[in-house]
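Colleague: Contents of coords.txt (compact mmCIF, C-alpha atoms and all ligand atoms):
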# COMPACT_ATOMS: atom_id res chain seq x y z
CA MET A 72 0.00 0.00 0.00
CA LYS A 73 0.95 3.66 -0.32
CA ILE A 74 0.41 5.21 3.11
CA GLY A 75 0.63 8.83 4.26
CA ILE A 76 1.58 9.27 7.94
CA VAL A 77 0.94 12.54 9.76
CA CYS A 78 2.38 13.07 13.25
CA TYR A 79 4.26 15.40 15.57
CA PRO A 80 7.87 14.94 14.54
CA THR A 81 9.24 15.52 18.03
CA PHE A 82 10.45 13.35 20.91
CA GLY A 83 6.87 12.76 22.19
CA GLY A 84 5.49 9.22 22.32
CA SER A 85 2.94 9.67 19.56
CA GLY A 86 5.62 10.88 17.13
CA VAL A 87 7.91 8.02 18.11
CA VAL A 88 5.16 5.41 17.59
CA ALA A 89 4.17 6.96 14.23
CA THR A 90 7.76 7.05 13.01
CA GLU A 91 8.58 3.51 14.12
CA LEU A 92 5.33 2.29 12.53
CA GLY A 93 6.23 4.01 9.25
CA LYS A 94 9.73 2.52 9.30
CA GLY A 95 8.32 -0.95 10.01
CA LEU A 96 5.73 -0.66 7.24
CA ALA A 97 8.44 0.46 4.81
CA LYS A 98 10.52 -2.61 5.73
CA ASN A 99 7.43 -4.73 5.02
CA GLY A 100 7.35 -3.31 1.48
CA HIS A 101 4.76 -0.53 1.85
CA GLU A 102 5.52 2.93 0.46
CA VAL A 103 5.34 5.35 3.38
CA HIS A 104 5.10 9.13 3.05
CA PHE A 105 5.61 11.20 6.21
CA ILE A 106 3.82 14.55 6.11
CA THR A 107 5.09 16.72 9.00
CA TYR A 108 6.46 20.17 9.76
CA SER A 109 10.01 18.88 10.25
CA GLN A 110 11.92 15.65 9.81
CA PRO A 111 10.72 13.15 12.46
CA THR A 112 13.43 12.65 15.10
CA ARG A 113 13.80 8.92 14.54
CA LEU A 114 13.56 9.08 10.71
CA ASP A 115 17.30 8.97 10.50
CA PHE A 116 18.16 6.39 7.85
CA PHE A 117 17.62 5.76 4.16
CA ASN A 118 15.04 3.29 2.92
CA GLU A 119 13.82 3.22 -0.66
CA ASN A 120 10.20 3.02 0.57
CA LEU A 121 10.37 6.03 2.90
CA PHE A 122 9.51 9.59 1.83
CA TYR A 123 9.27 12.85 3.70
CA HIS A 124 7.13 15.86 2.77
CA GLU A 125 7.57 19.01 4.80
CA VAL A 126 4.53 21.15 5.54
CA ASP A 127 5.66 24.71 4.92
CA PHE A 128 3.31 27.35 6.09
CA ARG A 129 3.49 31.07 5.50
CA SER A 130 2.74 33.68 8.05
CA TYR A 131 1.26 37.03 7.13
CA PRO A 132 1.04 40.26 9.20
CA LEU A 133 -2.72 39.77 9.44
CA PHE A 134 -2.33 36.40 11.18
CA LYS A 135 -1.82 36.45 14.91
CA TYR A 136 -1.59 32.63 14.63
CA PRO A 137 -0.39 31.12 11.32
CA PRO A 138 -3.07 28.61 10.15
CA TYR A 139 -0.95 25.44 10.28
CA GLU A 140 -3.94 23.09 9.89
CA LEU A 141 -4.85 24.62 6.53
CA ALA A 142 -1.29 24.26 5.25
CA LEU A 143 -1.32 20.64 6.52
CA SER A 144 -4.62 19.86 4.73
CA SER A 145 -3.30 21.42 1.52
CA LYS A 146 -0.10 19.37 1.80
CA MET A 147 -2.11 16.17 2.34
CA VAL A 148 -4.19 16.95 -0.77
CA ASP A 149 -1.01 17.54 -2.75
CA VAL A 150 0.76 14.36 -1.56
CA VAL A 151 -2.32 12.10 -1.97
CA LYS A 152 -2.80 13.36 -5.54
CA ASN A 153 0.80 13.31 -6.69
CA GLU A 154 1.95 10.18 -4.90
CA LYS A 155 -1.37 8.37 -5.42
CA LEU A 156 -1.69 7.41 -1.76
CA ASP A 157 -4.14 4.66 -0.77
CA LEU A 158 -4.66 5.81 2.82
CA LEU A 159 -3.89 8.60 5.30
CA HIS A 160 -2.99 7.60 8.88
CA VAL A 161 -2.96 10.52 11.30
CA HIS A 162 -1.51 10.26 14.81
CA TYR A 163 -2.91 12.50 17.57
CA ALA A 164 -6.36 13.93 16.94
CA ILE A 165 -5.48 17.61 17.27
CA PRO A 166 -5.24 19.04 14.67
CA HIS A 167 -4.29 16.12 12.46
CA ALA A 168 -7.66 14.37 12.29
CA SER A 169 -9.69 17.45 11.36
CA ALA A 170 -7.02 18.50 8.84
CA ALA A 171 -7.23 15.04 7.25
CA ILE A 172 -11.04 15.11 7.09
CA LEU A 173 -10.86 18.45 5.25
CA ALA A 174 -8.24 17.05 2.86
CA ARG A 175 -10.46 14.00 2.21
CA GLN A 176 -13.43 16.27 1.39
CA ILE A 177 -11.35 18.39 -1.01
CA LEU A 178 -10.08 15.27 -2.76
CA GLN A 179 -13.64 13.90 -3.05
CA THR A 180 -14.62 16.94 -5.13
CA GLU A 181 -11.96 15.80 -7.60
CA GLY A 182 -13.18 12.19 -7.62
CA ILE A 183 -10.29 10.95 -5.45
CA HIS A 184 -11.30 8.77 -2.51
CA VAL A 185 -8.80 8.25 0.27
CA PRO A 186 -9.71 6.76 3.67
CA VAL A 187 -8.53 8.41 6.89
CA VAL A 188 -7.34 6.39 9.90
CA THR A 189 -6.96 8.30 13.18
CA THR A 190 -4.91 6.98 16.09
CA LEU A 191 -5.68 8.46 19.50
CA HIS A 192 -2.60 8.64 21.73
CA GLY A 193 -3.69 10.08 25.06
CA THR A 194 -3.48 13.75 25.84
CA ASP A 195 -5.40 14.48 22.61
CA ILE A 196 -8.33 12.90 24.52
CA THR A 197 -7.59 12.99 28.24
CA LEU A 198 -6.21 16.53 28.55
CA VAL A 199 -6.32 18.83 25.53
CA GLY A 200 -9.09 17.24 23.48
CA LYS A 201 -11.87 17.42 26.04
CA ASP A 202 -11.30 21.11 26.69
CA PRO A 203 -14.39 22.96 25.37
CA SER A 204 -12.15 24.93 23.00
CA TYR A 205 -11.42 21.74 21.01
CA GLU A 206 -14.08 19.17 21.98
CA PRO A 207 -16.61 19.70 19.12
CA VAL A 208 -13.91 19.44 16.46
CA VAL A 209 -12.32 16.38 18.09
CA THR A 210 -15.70 14.62 18.36
CA TYR A 211 -16.54 15.45 14.74
CA SER A 212 -13.21 14.32 13.34
CA ILE A 213 -13.23 11.03 15.28
CA ASN A 214 -16.76 10.26 14.06
CA GLN A 215 -15.84 11.23 10.50
CA SER A 216 -12.65 9.15 10.35
CA ASP A 217 -12.94 5.95 8.33
CA GLY A 218 -11.11 4.04 11.04
CA VAL A 219 -10.11 4.91 14.60
CA THR A 220 -7.58 3.19 16.84
CA ALA A 221 -6.57 3.84 20.46
CA VAL A 222 -3.36 2.68 22.12
CA SER A 223 -5.12 1.07 25.13
CA GLU A 224 -8.52 -0.17 26.31
CA ASP A 225 -8.48 2.59 28.91
CA LEU A 226 -8.05 5.31 26.26
CA LYS A 227 -10.84 3.76 24.20
CA ASN A 228 -13.16 3.81 27.24
CA ASP A 229 -12.14 7.38 28.10
CA THR A 230 -12.95 8.49 24.57
CA TYR A 231 -16.46 7.01 24.76
CA LYS A 232 -16.90 8.52 28.24
CA HIS A 233 -15.91 12.07 27.38
CA PHE A 234 -16.97 12.46 23.74
CA ASN A 235 -20.17 11.76 21.88
CA VAL A 236 -18.43 9.21 19.69
CA GLN A 237 -20.38 6.53 17.82
CA LYS A 238 -17.48 5.34 15.72
CA GLU A 239 -16.09 1.93 16.62
CA ILE A 240 -12.61 2.23 18.14
CA GLU A 241 -10.13 -0.58 17.69
CA VAL A 242 -7.42 -1.01 20.33
CA ILE A 243 -3.96 -1.51 18.86
CA PRO A 244 -1.36 -1.18 21.61
CA ASN A 245 2.00 0.49 21.23
CA PHE A 246 4.91 -1.71 20.29
CA ILE A 247 8.66 -2.01 20.68
CA ASP A 248 11.52 -2.84 18.36
CA LEU A 249 13.45 -5.35 20.45
CA SER A 250 16.44 -5.20 18.12
CA LYS A 251 16.96 -1.57 19.18
CA PHE A 252 15.66 -1.72 22.74
CA GLN A 253 17.63 -4.50 24.36
CA LYS A 254 20.06 -4.68 27.24
CA GLN A 255 23.53 -3.75 26.01
CA ARG A 256 26.86 -4.27 27.80
CA LYS A 257 27.62 -0.78 29.13
CA ASP A 258 29.58 -1.75 32.27
CA HIS A 259 31.93 1.24 31.99
CA PHE A 260 28.94 3.58 32.06
CA LYS A 261 27.45 1.87 35.10
CA LEU A 262 30.80 1.99 36.88
CA ALA A 263 31.15 5.71 36.20
CA ILE A 264 27.75 6.51 37.69
CA CYS A 265 27.63 3.88 40.42
CA PRO A 266 31.29 3.35 41.36
CA ASN A 267 30.43 1.53 44.60
CA GLY A 268 27.74 -0.78 43.22
CA GLU A 269 24.85 1.58 43.97
CA LYS A 270 21.45 0.69 42.50
CA LEU A 271 20.50 2.82 39.49
CA ILE A 272 17.00 4.27 39.12
CA VAL A 273 15.90 5.93 35.86
CA HIS A 274 13.00 8.14 34.79
CA THR A 275 12.44 9.51 31.30
CA SER A 276 9.74 12.00 30.35
CA ASN A 277 8.96 15.42 28.94
CA PHE A 278 8.94 16.90 32.48
CA ARG A 279 5.34 18.09 32.24
CA GLN A 280 3.24 18.27 35.41
CA VAL A 281 1.23 15.23 34.34
CA LYS A 282 4.40 13.09 34.69
CA ARG A 283 4.75 13.91 38.42
CA VAL A 284 8.56 13.98 38.29
CA ASP A 285 8.51 15.37 41.84
CA ASP A 286 7.11 12.00 42.97
CA VAL A 287 10.07 10.30 41.28
CA VAL A 288 12.46 12.46 43.27
CA ARG A 289 10.59 11.91 46.56
CA ILE A 290 10.54 8.13 46.02
CA PHE A 291 14.24 8.16 45.21
CA HIS A 292 14.93 10.25 48.31
CA LYS A 293 13.29 7.60 50.51
CA VAL A 294 14.86 4.65 48.68
CA ASN A 295 18.26 6.29 49.00
CA GLN A 296 17.85 6.44 52.77
CA SER A 297 17.63 2.61 52.82
CA ILE A 298 20.00 1.52 50.05
CA PRO A 299 22.86 3.28 48.25
CA SER A 300 21.43 4.43 44.92
CA ARG A 301 21.62 6.97 42.10
CA LEU A 302 18.89 8.60 39.99
CA LEU A 303 19.19 9.46 36.30
CA LEU A 304 16.59 11.81 34.86
CA VAL A 305 16.31 11.75 31.08
CA GLY A 306 14.36 14.41 29.15
CA ASP A 307 13.53 18.02 29.70
CA GLY A 308 10.52 20.27 29.98
CA PRO A 309 8.65 22.87 32.00
CA GLU A 310 9.14 21.23 35.43
CA ARG A 311 12.93 20.89 35.14
CA ASN A 312 13.79 23.91 37.33
CA ASN A 313 11.33 22.91 40.05
CA ILE A 314 12.77 19.42 40.09
CA GLU A 315 16.34 20.68 40.37
CA ASN A 316 15.26 22.86 43.32
CA LEU A 317 13.49 19.94 44.96
CA CYS A 318 16.66 17.84 44.71
CA ARG A 319 18.60 20.66 46.42
CA ASP A 320 15.93 21.05 49.13
CA LEU A 321 16.05 17.31 49.85
CA ASP A 322 19.84 17.43 49.81
CA ILE A 323 20.15 14.71 47.15
CA TYR A 324 21.38 16.85 44.24
CA GLU A 325 24.75 15.03 44.23
CA GLU A 326 22.99 11.67 43.80
CA VAL A 327 20.84 12.82 40.86
CA ARG A 328 22.00 13.41 37.27
CA PHE A 329 19.97 15.34 34.69
CA LEU A 330 20.85 13.96 31.26
CA GLY A 331 18.54 16.12 29.10
CA LYS A 332 16.98 14.96 25.83
CA LEU A 333 19.07 11.89 25.09
CA GLU A 334 18.42 10.05 21.86
CA ALA A 335 20.08 6.74 22.74
CA VAL A 336 17.90 6.21 25.81
CA GLU A 337 18.36 2.43 25.45
CA GLU A 338 22.02 2.86 26.49
CA VAL A 339 20.97 4.41 29.81
CA LEU A 340 18.21 1.85 30.30
CA SER A 341 20.76 -0.92 29.75
CA VAL A 342 22.44 -0.11 33.06
CA ALA A 343 19.29 0.69 35.05
CA ASP A 344 17.87 -1.44 37.89
CA LEU A 345 14.50 0.28 38.18
CA PHE A 346 12.28 2.62 36.15
CA ILE A 347 9.77 4.95 37.82
CA MET A 348 6.62 6.25 36.07
CA PRO A 349 4.27 7.86 38.64
CA SER A 350 2.15 9.73 36.01
CA GLU A 351 -1.16 11.39 36.78
CA LYS A 352 -2.41 10.26 33.37
CA GLU A 353 -0.84 7.89 30.87
CA SER A 354 -2.75 6.27 28.04
CA PHE A 355 -0.12 3.57 27.53
CA GLY A 356 3.34 4.43 28.88
CA LEU A 357 5.70 3.81 25.98
CA ALA A 358 8.70 4.91 28.08
CA ALA A 359 7.94 2.10 30.55
CA LEU A 360 7.78 -0.43 27.69
CA GLU A 361 11.18 0.77 26.46
CA ALA A 362 12.56 0.21 29.97
CA MET A 363 11.02 -3.27 30.25
CA ALA A 364 12.52 -4.25 26.89
CA CYS A 365 15.93 -3.41 28.39
CA GLU A 366 15.14 -5.71 31.36
CA VAL A 367 14.22 -2.90 33.76
CA PRO A 368 11.27 -3.49 36.15
CA VAL A 369 8.79 -0.63 36.53
CA ILE A 370 7.32 1.09 39.60
CA SER A 371 4.36 3.06 38.28
CA SER A 372 1.04 4.61 39.10
CA ASN A 373 -2.07 2.72 38.03
CA ALA A 374 -3.26 5.64 35.89
CA GLY A 375 -4.93 5.15 32.51
CA GLY A 376 -3.56 2.30 30.43
CA ILE A 377 -0.41 1.63 32.51
CA PRO A 378 -1.84 -1.50 34.22
CA GLU A 379 -2.46 -2.97 30.73
CA LEU A 380 1.33 -2.89 30.33
CA ASN A 381 2.93 -3.12 33.78
CA ILE A 382 1.57 -6.21 35.52
CA ASN A 383 1.35 -5.64 39.27
CA GLY A 384 3.75 -7.93 41.13
CA ILE A 385 5.24 -9.36 37.94
CA SER A 386 6.99 -6.80 35.72
CA GLY A 387 7.04 -4.33 38.63
CA PHE A 388 4.25 -2.77 40.67
CA THR A 389 1.38 -0.32 40.17
CA SER A 390 0.00 1.97 42.90
CA LYS A 391 -2.53 4.77 43.26
CA VAL A 392 -1.39 8.10 41.82
CA GLY A 393 0.61 9.97 44.48
CA ASP A 394 1.06 6.99 46.84
CA ILE A 395 4.74 7.65 47.40
CA GLU A 396 4.88 5.42 50.48
CA GLU A 397 3.68 2.33 48.64
CA MET A 398 5.80 3.06 45.59
CA THR A 399 8.87 3.37 47.83
CA LYS A 400 8.05 0.09 49.60
CA ASN A 401 7.63 -1.65 46.24
CA ALA A 402 10.82 -0.10 44.85
CA LEU A 403 12.79 -1.45 47.81
CA HIS A 404 11.23 -4.88 47.32
CA VAL A 405 12.19 -4.97 43.64
CA LEU A 406 15.71 -3.67 44.30
CA ASP A 407 16.34 -6.36 46.92
CA ASP A 408 19.04 -8.62 45.46
CA ASN A 409 16.89 -11.66 46.26
CA ASN A 410 14.16 -10.38 43.91
CA LEU A 411 15.79 -8.16 41.31
CA LEU A 412 16.76 -10.78 38.76
CA THR A 413 13.27 -12.33 38.71
CA PHE A 414 11.66 -8.93 38.16
CA LYS A 415 14.15 -8.11 35.39
CA GLU A 416 13.33 -11.36 33.57
CA SER A 417 9.60 -10.83 33.97
CA ALA A 418 9.87 -7.25 32.68
CA LEU A 419 11.57 -8.48 29.52
CA ASN A 420 9.03 -11.28 29.05
CA ARG A 421 6.18 -8.78 29.33
CA ALA A 422 7.87 -6.44 26.81
CA LYS A 423 8.13 -9.34 24.34
CA GLU A 424 4.33 -9.42 24.17
CA PHE A 425 4.47 -5.97 22.54
CA GLU A 426 7.16 -6.89 20.03
CA MET A 427 6.83 -4.90 16.82
CA GLY A 428 6.41 -8.03 14.70
CA LYS A 429 3.24 -8.88 16.65
CA ILE A 430 1.61 -5.44 16.47
CA LEU A 431 2.46 -4.28 12.93
CA PRO A 432 0.23 -6.91 11.26
CA LEU A 433 -2.69 -5.56 13.32
CA TYR A 434 -2.25 -2.15 11.66
CA GLU A 435 -1.87 -3.75 8.22
CA ALA A 436 -5.07 -5.75 8.69
CA PHE A 437 -6.86 -2.64 9.95
CA TYR A 438 -5.75 -0.62 6.89
CA GLN A 439 -7.04 -3.40 4.65
CA LYS A 440 -10.43 -3.51 6.40
CA VAL A 441 -10.86 0.27 6.37
CA SER A 442 -9.83 0.55 2.69
CA GLU A 443 -12.32 -2.14 1.62
CA LEU A 444 -15.17 -0.49 3.55
CA HIS A 445 -14.25 2.92 2.14
CA LEU A 446 -14.16 1.59 -1.41
CA THR A 447 -17.57 -0.05 -1.01
CA ALA A 448 -19.03 3.18 0.40
CA ALA A 449 -17.47 5.28 -2.41
CA LYS A 450 -19.03 3.00 -5.07
CA SER A 451 -22.54 3.15 -3.59
O1 LIG A 501 3.28 11.57 27.29
C1 LIG A 501 3.23 12.61 26.66
O2 LIG A 501 3.06 13.69 27.17
C2 LIG A 501 3.47 12.56 25.17
C3 LIG A 501 2.29 11.92 24.51
C4 LIG A 501 2.32 12.13 23.02
O3 LIG A 501 1.27 12.29 22.46
O4 LIG A 501 3.36 12.15 22.37
O5 LIG A 501 2.28 10.53 24.85
C5 LIG A 501 1.08 9.83 24.72
O6 LIG A 501 1.22 8.91 23.64
C6 LIG A 501 2.17 7.86 23.88
C7 LIG A 501 2.26 7.01 22.62
O7 LIG A 501 1.03 6.41 22.30
C8 LIG A 501 1.74 7.04 25.10
O8 LIG A 501 2.65 5.99 25.33
C9 LIG A 501 1.68 7.97 26.32
O9 LIG A 501 1.18 7.22 27.42
C10 LIG A 501 0.73 9.13 26.04
N1 LIG A 501 0.83 10.10 27.13
C11 LIG A 501 -0.20 10.36 27.96
O10 LIG A 501 -1.29 9.80 27.88
C12 LIG A 501 0.06 11.38 29.03
Let me see whether you can do it: turn the structure in this file into structure tokens.
Modeller:
Amino acid sequence: MKIGIVCYPTFGGSGVVATELGKGLAKNGHEVHFITYSQPTRLDFFNENLFYHEVDFRSYPLFKYPPYELALSSKMVDVVKNEKLDLLHVHYAIPHASAAILARQILQTEGIHVPVVTTLHGTDITLVGKDPSYEPVVTYSINQSDGVTAVSEDLKNDTYKHFNVQKEIEVIPNFIDLSKFQKQRKDHFKLAICPNGEKLIVHTSNFRQVKRVDDVVRIFHKVNQSIPSRLLLVGDGPERNNIENLCRDLDIYEEVRFLGKLEAVEEVLSVADLFIMPSEKESFGLAALEAMACEVPVISSNAGGIPELNINGISGFTSKVGDIEEMTKNALHVLDDNNLLTFKESALNRAKEFEMGKILPLYEAFYQKVSELHLTAAKS
């Protein structure tokens, strides 16, 4: 098939999933055209089936806000027509789904019929999307999509709960490329950070409030009082300064390292003993899956779709949002040398269930189903 993929080309989970999906589809012989405002971060190699179309949008003194969605729709129209795409797959509802629906309508006037698949990723539903300033457009574009997927059962249920959506939503979970995310020998790195055999705890996120990075620091603070340990914080975002201050206030700044937006996160995960994800909301928790693939057990909240990934007592533990006491107790249990190896093995086994090779065919089958239905509808 010839597939157009629209996503945010940044470090965020939805962009990562979209890019990895496109790369996987290209390897499977599909022709994949990325339509984004800049080169997706992980689209960093050549493949004869991969194409990139940049959305360039002009500003004008009249515009307080340049109309990106219109430029995106126009670009989709252009790429579908010229590259003869069979399907558009947009990741993250805002504004990609509504822009795609407009593009589909424009193309229809020219006798070109292209189905639109929308994948819901999380904050497009749970935070931003249900705000009254976006809700009507989000509801409309989900209902108008030819196919809709969500990355967890919880996100699917949330969508039905908060939006007047009649469209059937198929759950296709996020996936992991185990050839990239696997435990690597990085002993020198571990020795540099934990010279006296300290346990290494890792958190990666975009440092937004919803990630509750302060909980990570508070849990680490308590763990560190019981066992020698170090904390690595990967990523950056609005809460970074507050978190640095909290580390100083708790007098643990020397035990914490801020690594910023690292690309090779699998190298850090390879030397980690524990991953903490205490999020307020999390539709899936791709960062936790990446950790599990590198044999790192996860202490997490039970928010959103996380319990569909992190199995309580097996690959780690899940607790109520904000229950720092329980998360600390569980972290100490996992880090106990009598338990750690078992949890590491179980984390990897759980990650294997989300191996890319198992999930990609679900998308391919979904594209096929949606295309056939769309073709039948177009003929009638
Ligand atoms: O977590 C974020 O803030 C980024 C966000 C995104 O859209 O890029 O991530 C969402 O999509 C990921 C990929 O499907 C999921 O793994 C994350 O759980 C989800 N984030 C939230 O629901 C907060």
Colleague: Neighbours of Gly200 in chain A within 8 Å (all atoms listed in the file; same-chain residues fewer than 4 positions away dropped), as a ChimeraX atom specification?
Modeller: /A:164-165,194-196,205-206,209
Colleague: Find the residues of chain A that sit at most 7 Å from ligand LIG 501 (chain A); for each, write down the nearest two atoms and how far apart they are in Å, to one decimal. Count all atoms listed in the file. Sort by chain, then by number going up, and give it as a Markdown table.
Modeller:
| residue | atom | partner | partner_atom | distance |
| --- | --- | --- | --- | --- |
| A:Gly83 | CA | A:LIG501 | O4 | 3.6 |
| A:Gly84 | CA | A:LIG501 | O4 | 3.6 |
| A:Ser85 | CA | A:LIG501 | O4 | 3.8 |
| A:Gly86 | CA | A:LIG501 | O4 | 5.8 |
| A:Val88 | CA | A:LIG501 | C7 | 6.0 |
| A:Tyr163 | CA | A:LIG501 | O3 | 6.4 |
| A:His192 | CA | A:LIG501 | O6 | 4.3 |
| A:Gly193 | CA | A:LIG501 | O10 | 3.7 |
| A:Thr194 | CA | A:LIG501 | O10 | 5.0 |
| A:Val222 | CA | A:LIG501 | O7 | 5.8 |
| A:Asn245 | CA | A:LIG501 | O7 | 6.1 |
| A:Asn277 | CA | A:LIG501 | O2 | 6.4 |
| A:Val281 | CA | A:LIG501 | C12 | 6.7 |
| A:Lys352 | CA | A:LIG501 | C12 | 5.1 |
| A:Glu353 | CA | A:LIG501 | O10 | 3.6 |
| A:Ser354 | CA | A:LIG501 | O10 | 3.8 |
| A:Phe355 | CA | A:LIG501 | O9 | 3.9 |
| A:Gly356 | CA | A:LIG501 | O9 | 3.8 |
| A:Leu357 | CA | A:LIG501 | O8 | 3.8 |
| A:Ala358 | CA | A:LIG501 | O8 | 6.7 |
Colleague: Could you please determine the separation between CA of Ser212 in chain A and CA of Ile172 in chain A in Å, to one decimal place?
Modeller: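 Distance reported for this atom pair: 6.7 Å.
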Colleague: Identify the residues around (16.0, 3.1, 28.7) within a radius of 7 Å, measuring from only C-alpha atoms in the coordinates stated by the file, and give them as a list in words.
Modeller: Val336, Glu337, Glu338, Val339, Leu340, Ser341, Glu361, Ala362 and Cys365 of chain A
Colleague: Pick out the closest residue to Arg113 in chain A from this set: A:Lys201, A:Lys146, A:Lys94, A:Lys293. Count all atoms listed in the file.
Modeller: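 Looking at the shortest contact to Arg113 in chain A, the residue is A:Lys94.
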Colleague: From the list A:Ala168, A:Ile74, A:Met363, A:Ile243, which residue is nearest Tyr434 in chain A when using all atoms listed in the file?
Modeller: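 Under the stated criterion, the closest residue is A:Ile243.
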Colleague: I want to know what sits within 9 Å of range 96-99 of chain A, based on only C-alpha atoms, with residues of the same chain fewer than 2 positions away left out; could you give that as a PyMOL selection string?
Modeller: chain A and resi 74+91-94+101-103+118-121+431+435
Colleague: From the options A:Val287, A:Ala422, A:Ala221, A:Leu433, which residue's atoms come nearest to Ser372 in chain A, counting all atoms listed in the file?
Modeller: A:Val287
Colleague: When you count all atoms listed in the file, which of these residues is closest to Tyr108 in chain A: A:Leu412, A:Ala142, A:Met72, A:Ala170?
Modeller: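 Going through A:Leu412, A:Ala142, A:Met72, A:Ala170 one by one, the smallest distance to Tyr108 in chain A is for A:Ala142.
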Colleague: Compile the contact shell of Pro368 in chain A as a PDB file with C-alpha atoms, in the coordinates of the input: residues with an atom at most 9 Å away, counting only C-alpha atoms, same-chain residues fewer than 4 positions apart removed.
Modeller:
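Heads up, here's the output in out20.pdb:
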ATOM      1  CA  ASP A 344      17.870  -1.440  37.890  1.00  0.00           C
ATOM      2  CA  LEU A 345      14.500   0.280  38.180  1.00  0.00           C
ATOM      3  CA  PHE A 346      12.280   2.620  36.150  1.00  0.00           C
ATOM      4  CA  ILE A 347       9.770   4.950  37.820  1.00  0.00           C
ATOM      5  CA  ALA A 359       7.940   2.100  30.550  1.00  0.00           C
ATOM      6  CA  ALA A 362      12.560   0.210  29.970  1.00  0.00           C
ATOM      7  CA  MET A 363      11.020  -3.270  30.250  1.00  0.00           C
ATOM      8  CA  ASN A 381       2.930  -3.120  33.780  1.00  0.00           C
ATOM      9  CA  ILE A 385       5.240  -9.360  37.940  1.00  0.00           C
ATOM     10  CA  SER A 386       6.990  -6.800  35.720  1.00  0.00           C
ATOM     11  CA  GLY A 387       7.040  -4.330  38.630  1.00  0.00           C
ATOM     12  CA  PHE A 388       4.250  -2.770  40.670  1.00  0.00           C
ATOM     13  CA  VAL A 405      12.190  -4.970  43.640  1.00  0.00           C
ATOM     14  CA  LEU A 411      15.790  -8.160  41.310  1.00  0.00           C
ATOM     15  CA  PHE A 414      11.660  -8.930  38.160  1.00  0.00           C
ATOM     16  CA  LYS A 415      14.150  -8.110  35.390  1.00  0.00           C
ATOM     17  CA  GLU A 416      13.330 -11.360  33.570  1.00  0.00           C
ATOM     18  CA  SER A 417       9.600 -10.830  33.970  1.00  0.00           C
ATOM     19  CA  ALA A 418       9.870  -7.250  32.680  1.00  0.00           C
ATOM     20  CA  LEU A 419      11.570  -8.480  29.520  1.00  0.00           C
TER      21      LEU A 419
END
Colleague: Got a sec: who's within 8 Å of Thr81 in chain A, counting all atoms listed in the file, leaving out chain neighbours fewer than 3 positions off, as a PyMOL selection string?
Modeller: chain A and resi 86-87+111-112
Colleague: Taking only C-alpha atoms into account, which of A:Leu333, A:Leu114, A:Val187, A:Asp149 comes nearest Gly95 in chain A?
Modeller: A:Leu114
Colleague: Work out how far apart CA of Gly268 in chain A and CA of Ile323 in chain A are and give it in Å to one decimal.
Modeller: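 Those two atoms sit 17.7 Å apart.
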Colleague: With only C-alpha atoms as the atoms that count, which of A:Val288, A:Leu406, A:Val126, A:Ile314 lies nearest to Met147 in chain A?
Modeller: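 Checking each candidate against Met147 in chain A, we get A:Val126 as the closest.
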Colleague: Please write C-alpha atoms of range 316-332 of chain A, from the structure given just now, as a PDB file, in the first residue's frame.
Modeller:
ATOM      1  CA  ASN A 316      15.257  22.857  43.315  1.00  0.00           C
ATOM      2  CA  LEU A 317      13.489  19.937  44.958  1.00  0.00           C
ATOM      3  CA  CYS A 318      16.663  17.843  44.708  1.00  0.00           C
ATOM      4  CA  ARG A 319      18.603  20.662  46.415  1.00  0.00           C
ATOM      5  CA  ASP A 320      15.935  21.051  49.125  1.00  0.00           C
ATOM      6  CA  LEU A 321      16.049  17.314  49.855  1.00  0.00           C
ATOM      7  CA  ASP A 322      19.838  17.426  49.808  1.00  0.00           C
ATOM      8  CA  ILE A 323      20.150  14.712  47.154  1.00  0.00           C
ATOM      9  CA  TYR A 324      21.376  16.852  44.239  1.00  0.00           C
ATOM     10  CA  GLU A 325      24.746  15.029  44.230  1.00  0.00           C
ATOM     11  CA  GLU A 326      22.990  11.666  43.795  1.00  0.00           C
ATOM     12  CA  VAL A 327      20.841  12.816  40.858  1.00  0.00           C
ATOM     13  CA  ARG A 328      21.999  13.406  37.275  1.00  0.00           C
ATOM     14  CA  PHE A 329      19.969  15.340  34.689  1.00  0.00           C
ATOM     15  CA  LEU A 330      20.850  13.965  31.257  1.00  0.00           C
ATOM     16  CA  GLY A 331      18.538  16.125  29.099  1.00  0.00           C
ATOM     17  CA  LYS A 332      16.977  14.965  25.832  1.00  0.00           C
TER      18      LYS A 332
END
